[in-house]
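Below is data.cif, which holds mmCIF, C-alpha atoms; chains and numbers go by the auth columns.
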```cif
data_my_file
#
loop_
_atom_site.group_PDB
_atom_site.id
_atom_site.type_symbol
_atom_site.label_atom_id
_atom_site.label_comp_id
_atom_site.label_asym_id
_atom_site.label_seq_id
_atom_site.Cartn_x
_atom_site.Cartn_y
_atom_site.Cartn_z
_atom_site.B_iso_or_equiv
_atom_site.auth_seq_id
_atom_site.auth_asym_id
ATOM 1 C CA MET A 1 -17.467 -25.092 -9.515 0.00 33 A
ATOM 2 C CA LYS A 2 -18.641 -22.276 -7.258 0.00 34 A
ATOM 3 C CA GLU A 3 -15.532 -22.534 -5.066 0.00 35 A
ATOM 4 C CA LYS A 4 -13.321 -22.307 -8.151 0.00 36 A
ATOM 5 C CA THR A 5 -15.154 -19.198 -9.338 0.00 37 A
ATOM 6 C CA LYS A 6 -14.784 -17.484 -5.951 0.00 38 A
ATOM 7 C CA TRP A 7 -11.033 -18.209 -5.911 0.00 39 A
ATOM 8 C CA TYR A 8 -10.679 -16.844 -9.429 0.00 40 A
ATOM 9 C CA LYS A 9 -12.549 -13.639 -8.604 0.00 41 A
ATOM 10 C CA SER A 10 -10.609 -12.995 -5.380 0.00 42 A
ATOM 11 C CA TRP A 11 -7.215 -13.145 -7.092 0.00 43 A
ATOM 12 C CA SER A 12 -8.068 -11.428 -10.377 0.00 44 A
ATOM 13 C CA ASN A 13 -7.775 -7.934 -8.810 0.00 45 A
ATOM 14 C CA TRP A 14 -4.431 -8.429 -7.054 0.00 46 A
ATOM 15 C CA GLY A 15 -2.880 -5.511 -8.943 0.00 47 A
ATOM 16 C CA VAL A 16 -5.608 -3.142 -7.762 0.00 48 A
ATOM 17 C CA ILE A 17 -5.290 -4.336 -4.178 0.00 49 A
ATOM 18 C CA ILE A 18 -1.502 -3.866 -4.097 0.00 50 A
ATOM 19 C CA ALA A 19 -1.729 -0.403 -5.657 0.00 51 A
ATOM 20 C CA CYS A 20 -4.329 0.712 -3.135 0.00 52 A
ATOM 21 C CA ILE A 21 -2.431 -0.705 -0.159 0.00 53 A
ATOM 22 C CA ILE A 22 0.632 1.307 -1.168 0.00 54 A
ATOM 23 C CA LEU A 23 -0.798 4.520 -2.579 0.00 55 A
ATOM 24 C CA VAL A 24 -3.974 5.208 -0.613 0.00 56 A
ATOM 25 C CA PRO A 25 -2.430 5.274 2.918 0.00 57 A
ATOM 26 C CA VAL A 26 0.466 7.403 1.674 0.00 58 A
ATOM 27 C CA LEU A 27 -1.928 9.836 0.017 0.00 59 A
ATOM 28 C CA ILE A 28 -4.201 10.027 3.073 0.00 60 A
ATOM 29 C CA LEU A 29 -1.249 10.577 5.431 0.00 61 A
ATOM 30 C CA ASN A 30 0.151 13.254 3.162 0.00 62 A
ATOM 31 C CA LEU A 31 -3.187 15.071 2.920 0.00 63 A
ATOM 32 C CA TYR A 32 -3.616 14.869 6.713 0.00 64 A
ATOM 33 C CA VAL A 33 -0.161 16.345 7.339 0.00 65 A
ATOM 34 C CA MET A 34 -0.790 19.058 4.751 0.00 66 A
ATOM 35 C CA PHE A 35 -4.117 19.919 6.402 0.00 67 A
ATOM 36 C CA GLN A 36 -2.525 20.220 9.853 0.00 68 A
ATOM 37 C CA ALA A 37 0.309 22.302 8.443 0.00 69 A
ATOM 38 C CA LYS A 38 -2.163 24.733 6.863 0.00 70 A
ATOM 39 C CA THR A 39 -4.355 25.066 9.959 0.00 71 A
ATOM 40 C CA ASN A 40 -1.396 25.705 12.278 0.00 72 A
ATOM 41 C CA GLU A 41 1.661 26.913 10.410 0.00 73 A
ATOM 42 C CA ASP A 42 3.728 27.433 13.580 0.00 74 A
ATOM 43 C CA LYS A 43 3.435 23.797 14.612 0.00 75 A
ATOM 44 C CA VAL A 44 4.825 20.705 12.927 0.00 76 A
ATOM 45 C CA PRO A 45 1.914 18.286 12.278 0.00 77 A
ATOM 46 C CA SER A 46 1.791 15.164 14.451 0.00 78 A
ATOM 47 C CA VAL A 47 -0.098 11.879 14.150 0.00 79 A
ATOM 48 C CA PHE A 48 -0.827 10.258 17.543 0.00 80 A
ATOM 49 C CA GLY A 49 2.296 11.889 19.005 0.00 81 A
ATOM 50 C CA TYR A 50 4.512 10.993 16.042 0.00 82 A
ATOM 51 C CA LYS A 51 5.814 13.464 13.497 0.00 83 A
ATOM 52 C CA PRO A 52 6.978 12.515 10.002 0.00 84 A
ATOM 53 C CA PHE A 53 9.725 14.498 8.302 0.00 85 A
ATOM 54 C CA ILE A 54 11.170 14.354 4.808 0.00 86 A
ATOM 55 C CA VAL A 55 14.965 14.287 4.750 0.00 87 A
ATOM 56 C CA LEU A 56 16.264 16.869 2.285 0.00 88 A
ATOM 57 C CA SER A 57 20.025 16.491 2.794 0.00 89 A
ATOM 58 C CA GLY A 58 22.637 13.801 3.308 0.00 90 A
ATOM 59 C CA SER A 59 24.127 15.290 6.496 0.00 91 A
ATOM 60 C CA MET A 60 23.145 12.194 8.532 0.00 92 A
ATOM 61 C CA GLU A 61 24.293 9.492 6.156 0.00 93 A
ATOM 62 C CA THR A 62 24.805 6.604 6.480 0.00 94 A
ATOM 63 C CA LYS A 63 22.253 6.483 9.323 0.00 95 A
ATOM 64 C CA ILE A 64 19.638 8.514 7.463 0.00 96 A
ATOM 65 C CA HIS A 65 19.580 9.113 3.700 0.00 97 A
ATOM 66 C CA LYS A 66 18.340 11.962 1.589 0.00 98 A
ATOM 67 C CA GLY A 67 14.786 11.241 0.413 0.00 99 A
ATOM 68 C CA ASP A 68 13.925 9.074 3.429 0.00 100 A
ATOM 69 C CA LEU A 69 10.811 9.628 5.505 0.00 101 A
ATOM 70 C CA ILE A 70 11.767 9.666 9.181 0.00 102 A
ATOM 71 C CA LEU A 71 9.454 9.252 12.148 0.00 103 A
ATOM 72 C CA THR A 72 10.072 11.161 15.354 0.00 104 A
ATOM 73 C CA LYS A 73 8.251 10.895 18.658 0.00 105 A
ATOM 74 C CA ILE A 74 7.295 13.836 20.846 0.00 106 A
ATOM 75 C CA VAL A 75 9.486 13.621 23.930 0.00 107 A
ATOM 76 C CA ASN A 76 10.259 15.547 27.078 0.00 108 A
ATOM 77 C CA PRO A 77 13.516 17.373 26.179 0.00 109 A
ATOM 78 C CA GLU A 78 14.790 16.846 29.729 0.00 110 A
ATOM 79 C CA THR A 79 15.065 13.106 29.024 0.00 111 A
ATOM 80 C CA LEU A 80 17.312 13.580 25.984 0.00 112 A
ATOM 81 C CA LYS A 81 20.969 12.656 26.201 0.00 113 A
ATOM 82 C CA VAL A 82 24.169 12.753 24.179 0.00 114 A
ATOM 83 C CA ASP A 83 24.068 10.567 21.025 0.00 115 A
ATOM 84 C CA ASP A 84 20.271 10.880 20.637 0.00 116 A
ATOM 85 C CA ILE A 85 19.130 11.962 17.183 0.00 117 A
ATOM 86 C CA ILE A 86 16.569 14.751 17.358 0.00 118 A
ATOM 87 C CA ALA A 87 14.486 16.828 14.980 0.00 119 A
ATOM 88 C CA PHE A 88 14.568 20.521 15.853 0.00 120 A
ATOM 89 C CA ARG A 89 13.897 23.955 14.413 0.00 121 A
ATOM 90 C CA ASP A 90 16.968 25.978 13.494 0.00 122 A
ATOM 91 C CA SER A 91 17.395 29.737 13.386 0.00 123 A
ATOM 92 C CA GLU A 92 15.673 29.869 9.986 0.00 124 A
ATOM 93 C CA ASN A 93 12.671 27.940 11.371 0.00 125 A
ATOM 94 C CA THR A 94 13.616 24.936 9.245 0.00 126 A
ATOM 95 C CA VAL A 95 13.394 21.469 10.771 0.00 127 A
ATOM 96 C CA THR A 96 16.765 19.715 10.933 0.00 128 A
ATOM 97 C CA THR A 97 17.541 16.208 12.137 0.00 129 A
ATOM 98 C CA HIS A 98 20.980 15.869 13.737 0.00 130 A
ATOM 99 C CA ARG A 99 22.694 14.059 16.593 0.00 131 A
ATOM 100 C CA ILE A 100 23.237 15.516 20.060 0.00 132 A
ATOM 101 C CA VAL A 101 26.998 15.673 20.666 0.00 133 A
ATOM 102 C CA ASP A 102 26.958 17.674 23.883 0.00 134 A
ATOM 103 C CA ILE A 103 24.661 19.316 26.457 0.00 135 A
ATOM 104 C CA VAL A 104 25.568 22.653 28.000 0.00 136 A
ATOM 105 C CA VAL A 105 23.991 25.015 30.518 0.00 137 A
ATOM 106 C CA GLU A 106 24.286 28.781 30.100 0.00 138 A
ATOM 107 C CA ASP A 107 22.644 31.265 32.439 0.00 139 A
ATOM 108 C CA GLY A 108 20.536 28.457 33.879 0.00 140 A
ATOM 109 C CA ILE A 109 19.217 27.416 30.452 0.00 141 A
ATOM 110 C CA THR A 110 20.014 23.986 29.015 0.00 142 A
ATOM 111 C CA TYR A 111 21.066 23.779 25.372 0.00 143 A
ATOM 112 C CA PHE A 112 21.886 20.922 23.012 0.00 144 A
ATOM 113 C CA ILE A 113 24.908 21.030 20.750 0.00 145 A
ATOM 114 C CA THR A 114 24.121 19.094 17.569 0.00 146 A
ATOM 115 C CA LYS A 115 26.004 17.863 14.531 0.00 147 A
ATOM 116 C CA GLY A 116 25.282 15.928 11.356 0.00 148 A
ATOM 117 C CA ASP A 117 27.186 12.633 11.156 0.00 149 A
ATOM 118 C CA GLN A 118 28.597 13.595 7.756 0.00 150 A
ATOM 119 C CA ASN A 119 29.418 17.182 8.713 0.00 151 A
ATOM 120 C CA ASN A 120 32.943 18.162 9.753 0.00 152 A
ATOM 121 C CA THR A 121 31.774 20.761 12.242 0.00 153 A
ATOM 122 C CA GLN A 122 28.984 21.032 14.778 0.00 154 A
ATOM 123 C CA ASP A 123 25.888 23.126 14.095 0.00 155 A
ATOM 124 C CA ARG A 124 26.375 26.868 14.489 0.00 156 A
ATOM 125 C CA ASN A 125 23.367 27.481 16.737 0.00 157 A
ATOM 126 C CA LEU A 126 22.500 25.942 20.078 0.00 158 A
ATOM 127 C CA VAL A 127 19.200 24.063 20.349 0.00 159 A
ATOM 128 C CA GLU A 128 16.795 25.052 23.116 0.00 160 A
ATOM 129 C CA PHE A 129 14.182 22.740 24.646 0.00 161 A
ATOM 130 C CA ASP A 130 11.377 24.613 22.866 0.00 162 A
ATOM 131 C CA ASP A 131 13.073 24.019 19.510 0.00 163 A
ATOM 132 C CA VAL A 132 12.920 20.226 19.836 0.00 164 A
ATOM 133 C CA GLU A 133 10.229 18.610 17.694 0.00 165 A
ATOM 134 C CA GLY A 134 10.912 15.001 18.644 0.00 166 A
ATOM 135 C CA ILE A 135 13.394 12.158 18.937 0.00 167 A
ATOM 136 C CA TYR A 136 14.231 10.026 15.907 0.00 168 A
ATOM 137 C CA ILE A 137 12.842 6.492 16.097 0.00 169 A
ATOM 138 C CA ALA A 138 12.728 5.071 12.562 0.00 170 A
ATOM 139 C CA ARG A 139 13.041 5.760 8.864 0.00 171 A
ATOM 140 C CA ILE A 140 11.274 4.534 5.735 0.00 172 A
ATOM 141 C CA PRO A 141 13.726 4.516 2.816 0.00 173 A
ATOM 142 C CA SER A 142 12.844 6.764 -0.161 0.00 174 A
ATOM 143 C CA LEU A 143 9.247 7.311 1.007 0.00 175 A
ATOM 144 C CA GLY A 144 10.002 10.941 1.790 0.00 176 A
ATOM 145 C CA ALA A 145 10.792 11.670 -1.849 0.00 177 A
ATOM 146 C CA ILE A 146 7.501 10.033 -2.872 0.00 178 A
ATOM 147 C CA MET A 147 5.499 12.028 -0.326 0.00 179 A
ATOM 148 C CA ASP A 148 7.256 15.221 -1.368 0.00 180 A
ATOM 149 C CA LYS A 149 6.153 14.554 -4.920 0.00 181 A
ATOM 150 C CA LEU A 150 2.629 13.676 -3.766 0.00 182 A
ATOM 151 C CA SER A 151 2.352 17.027 -1.999 0.00 183 A
ATOM 152 C CA GLU A 152 2.169 18.775 -5.359 0.00 184 A
ATOM 153 C CA PRO A 153 -1.474 19.480 -6.382 0.00 185 A
ATOM 154 C CA GLY A 154 -0.931 18.189 -9.909 0.00 186 A
ATOM 155 C CA THR A 155 0.509 14.906 -8.614 0.00 187 A
ATOM 156 C CA ILE A 156 -2.411 14.440 -6.207 0.00 188 A
ATOM 157 C CA VAL A 157 -4.851 14.778 -9.114 0.00 189 A
ATOM 158 C CA VAL A 158 -2.825 12.314 -11.199 0.00 190 A
ATOM 159 C CA VAL A 159 -2.707 9.779 -8.348 0.00 191 A
ATOM 160 C CA ILE A 160 -6.461 9.999 -7.718 0.00 192 A
ATOM 161 C CA VAL A 161 -7.193 9.636 -11.434 0.00 193 A
ATOM 162 C CA GLY A 162 -4.681 6.772 -11.627 0.00 194 A
ATOM 163 C CA ILE A 163 -6.237 4.873 -8.713 0.00 195 A
ATOM 164 C CA THR A 164 -9.689 5.358 -10.229 0.00 196 A
ATOM 165 C CA ALA A 165 -8.432 4.137 -13.611 0.00 197 A
ATOM 166 C CA ILE A 166 -6.839 1.065 -11.992 0.00 198 A
ATOM 167 C CA PHE A 167 -10.139 0.227 -10.288 0.00 199 A
ATOM 168 C CA VAL A 168 -12.106 0.643 -13.523 0.00 200 A
ATOM 169 C CA ILE A 169 -9.627 -1.307 -15.674 0.00 201 A
ATOM 170 C CA GLY A 170 -9.323 -4.044 -13.046 0.00 202 A
ATOM 171 C CA PHE A 171 -13.112 -4.318 -12.815 0.00 203 A
ATOM 172 C CA LEU A 172 -13.510 -4.484 -16.607 0.00 204 A
ATOM 173 C CA ILE A 173 -10.778 -7.110 -16.984 0.00 205 A
ATOM 174 C CA SER A 174 -12.210 -9.134 -14.108 0.00 206 A
ATOM 175 C CA SER A 175 -15.730 -8.902 -15.571 0.00 207 A
ATOM 176 C CA LYS A 176 -14.566 -9.966 -19.033 0.00 208 A
ATOM 177 C CA LYS A 177 -12.578 -12.910 -17.677 0.00 209 A
ATOM 178 C CA GLN A 178 -15.517 -13.923 -15.524 0.00 210 A
ATOM 179 C CA GLN A 179 -17.836 -13.762 -18.541 0.00 211 A
ATOM 180 C CA ASP A 180 -15.376 -15.865 -20.556 0.00 212 A
ATOM 181 C CA LEU A 181 -15.199 -18.392 -17.744 0.00 213 A
ATOM 182 C CA GLU A 182 -18.971 -18.591 -17.465 0.00 214 A
ATOM 183 C CA ARG A 183 -19.254 -18.922 -21.265 0.00 215 A
ATOM 184 C CA ARG A 184 -16.778 -21.828 -21.272 0.00 216 A
ATOM 185 C CA GLU A 185 -18.632 -23.478 -18.404 0.00 217 A
ATOM 186 C CA LEU A 186 -21.920 -23.078 -20.315 0.00 218 A
ATOM 187 C CA LEU A 187 -20.425 -24.601 -23.473 0.00 219 A
ATOM 188 C CA GLU A 188 -19.011 -27.463 -21.458 0.00 220 A
ATOM 189 C CA PHE A 189 -22.405 -28.011 -19.840 0.00 221 A
ATOM 190 C CA ARG A 190 -24.090 -28.028 -23.261 0.00 222 A
ATOM 191 C CA LYS A 191 -21.565 -30.541 -24.568 0.00 223 A
ATOM 192 C CA GLN A 192 -22.185 -32.790 -21.599 0.00 224 A
ATOM 193 C CA PHE A 193 -25.957 -32.396 -22.019 0.00 225 A
ATOM 194 C CA VAL A 194 -25.801 -33.220 -25.742 0.00 226 A
ATOM 195 C CA SER A 195 -23.506 -36.161 -25.050 0.00 227 A
ATOM 196 C CA GLN A 196 -25.847 -37.529 -22.392 0.00 228 A
ATOM 197 C CA LYS A 197 -28.820 -37.034 -24.725 0.00 229 A
ATOM 198 C CA GLU A 198 -27.059 -38.858 -27.546 0.00 230 A
ATOM 199 C CA GLU A 199 -26.167 -41.712 -25.194 0.00 231 A
ATOM 200 C CA LYS A 200 -29.805 -42.002 -24.118 0.00 232 A
ATOM 201 C CA GLU A 201 -30.969 -42.044 -27.748 0.00 233 A
ATOM 202 C CA VAL A 202 -28.410 -44.701 -28.656 0.00 234 A
ATOM 203 C CA SER A 203 -29.365 -46.721 -25.595 0.00 235 A
ATOM 204 C CA LYS A 204 -33.059 -46.351 -26.454 0.00 236 A
ATOM 205 C CA LYS A 205 -32.455 -47.350 -30.070 0.00 237 A
ATOM 206 C CA THR A 206 -30.409 -50.344 -29.015 0.00 238 A
ATOM 207 C CA SER A 207 -33.126 -51.384 -26.594 0.00 239 A
ATOM 208 C CA GLU A 208 -35.790 -51.061 -29.296 0.00 240 A
ATOM 209 C CA GLU A 209 -33.732 -53.107 -31.763 0.00 241 A
ATOM 210 C CA LYS A 210 -33.227 -55.777 -29.152 0.00 242 A
ATOM 211 C CA ASN A 211 -36.951 -55.881 -28.437 0.00 243 A
ATOM 212 C CA ASP A 212 -37.667 -56.213 -32.149 0.00 244 A
ATOM 213 C CA GLU A 213 -35.212 -59.092 -32.411 0.00 245 A
ATOM 214 C CA ASP A 214 -36.785 -60.802 -29.395 0.00 246 A
ATOM 215 C CA ASN A 215 -40.230 -60.380 -30.884 0.00 247 A
ATOM 216 C CA GLU A 216 -39.130 -61.830 -34.260 0.00 248 A
ATOM 217 C CA LYS A 217 -37.451 -64.715 -32.500 0.00 249 A
ATOM 218 C CA LYS A 218 -40.557 -65.425 -30.484 0.00 250 A
ATOM 219 C CA SER A 219 -42.696 -65.227 -33.584 0.00 251 A
ATOM 220 C CA ASP A 220 -40.475 -67.769 -35.363 0.00 252 A
ATOM 221 C CA GLU A 221 -40.701 -70.108 -32.432 0.00 253 A
ATOM 222 C CA ASP A 222 -44.507 -69.882 -32.426 0.00 254 A
ATOM 223 C CA GLU A 223 -44.646 -70.871 -36.056 0.00 255 A
#
```
Translate the structure of the given file into structure tokens.
Amino acid sequence: MKEKTKWYKSWSNWGVIIACIILVPVLILNLYVMFQAKTNEDKVPSVFGYKPFIVLSGSMETKIHKGDLILTKIVNPETLKVDDIIAFRDSENTVTTHRIVDIVVEDGITYFITKGDQNNTQDRNLVEFDDVEGIYIARIPSLGAIMDKLSEPGTIVVVIVGITAIFVIGFLISSKKQQDLERRELLEFRKQFVSQKEEKEVSKKTSEEKNDEDNEKKSDEDE
């Protein structure tokens, strides 16, 4: 019975576990990136040498989609080559993720010529080594849109309240179901106890009646 109860308790909060696995890491990552961005506004936040970026346009479709979260890795710009996808700062200090289509050298300085896969023309400005934020390595579909929404203070409050509510509701439901289970087990135990008691009483009564019959029979024989 104890093993059954443990199994029941471990699976009763599966909804809470799934919600936390999805929401909590995303929220923590988002808060960490926001904190780094606030402490050093001239530098794109990185996590162990990796930088996440939210894709805000469809210029790289079908390789990268609007609303995706992409991961880039800090790299030595000298190792970059044509066809690499890089994240870089443009003339407006906005991070763009496009493909390298050519590499040129002017006045002893190396520049990258970039272009979005869906764009008809190459980017207007050349990309210097210092502008490169990292090389594209992977994307997580649609997560960028979620993180963008989570960056809003009101959404952060709602998510924290929601996670807390899920914990509380899950705990209450689990507690009630556990109480119901224990109540049913107690009733079943009482039924078994009463049944065993009744059987003993019947057995005792039968035994007494048999003894009475044996005594009467013996008495008749003595007469």
Non-local contacts of range 102-107 of chain A (7 Å; only C-alpha atoms; under 4 positions in same chain excluded) as a count of residues only:
14
By how many Å are CA of Asp155 in chain A and CA of Tyr143 in chain A apart?
12.3 Å
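One distance worth recording is that between CA of Gly148 in chain A and CA of His130 in chain A, which is 4.9 Å.
Here CA of Ile135 in chain A and CA of Val114 in chain A stand 7.0 Å from one another.
Residue nearest Lys98 in chain A, chosen from A:Phe161, A:Ser174, A:Asp115, A:Ser227 and counting only C-alpha atoms: A:Ser174.
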From (26.1, 16.3, 12.0), in the file's coordinates, out to 9 Å: which residues are reached, counting all atoms listed in the file? Answer as a VMD selection string.
chain A and resid 91 to 92 129 to 133 146 to 155
From the set A:Thr128, A:Asp122, A:Asn157, A:Pro57, which residue has the shortest atom-to-atom contact distance to Gly90 in chain A, counting only C-alpha atoms?
A:Thr128
Using only C-alpha atoms, the residue out of A:Gln211, A:Gln224, A:Thr111, A:Thr196 with shortest distance to Phe144 in chain A is A:Thr111
Between A:Leu101, A:Ala119, A:Ile96, A:Ile205, which residue has the minimum interatomic distance to Asp162 in chain A, considering all atoms listed in the file?
A:Ala119
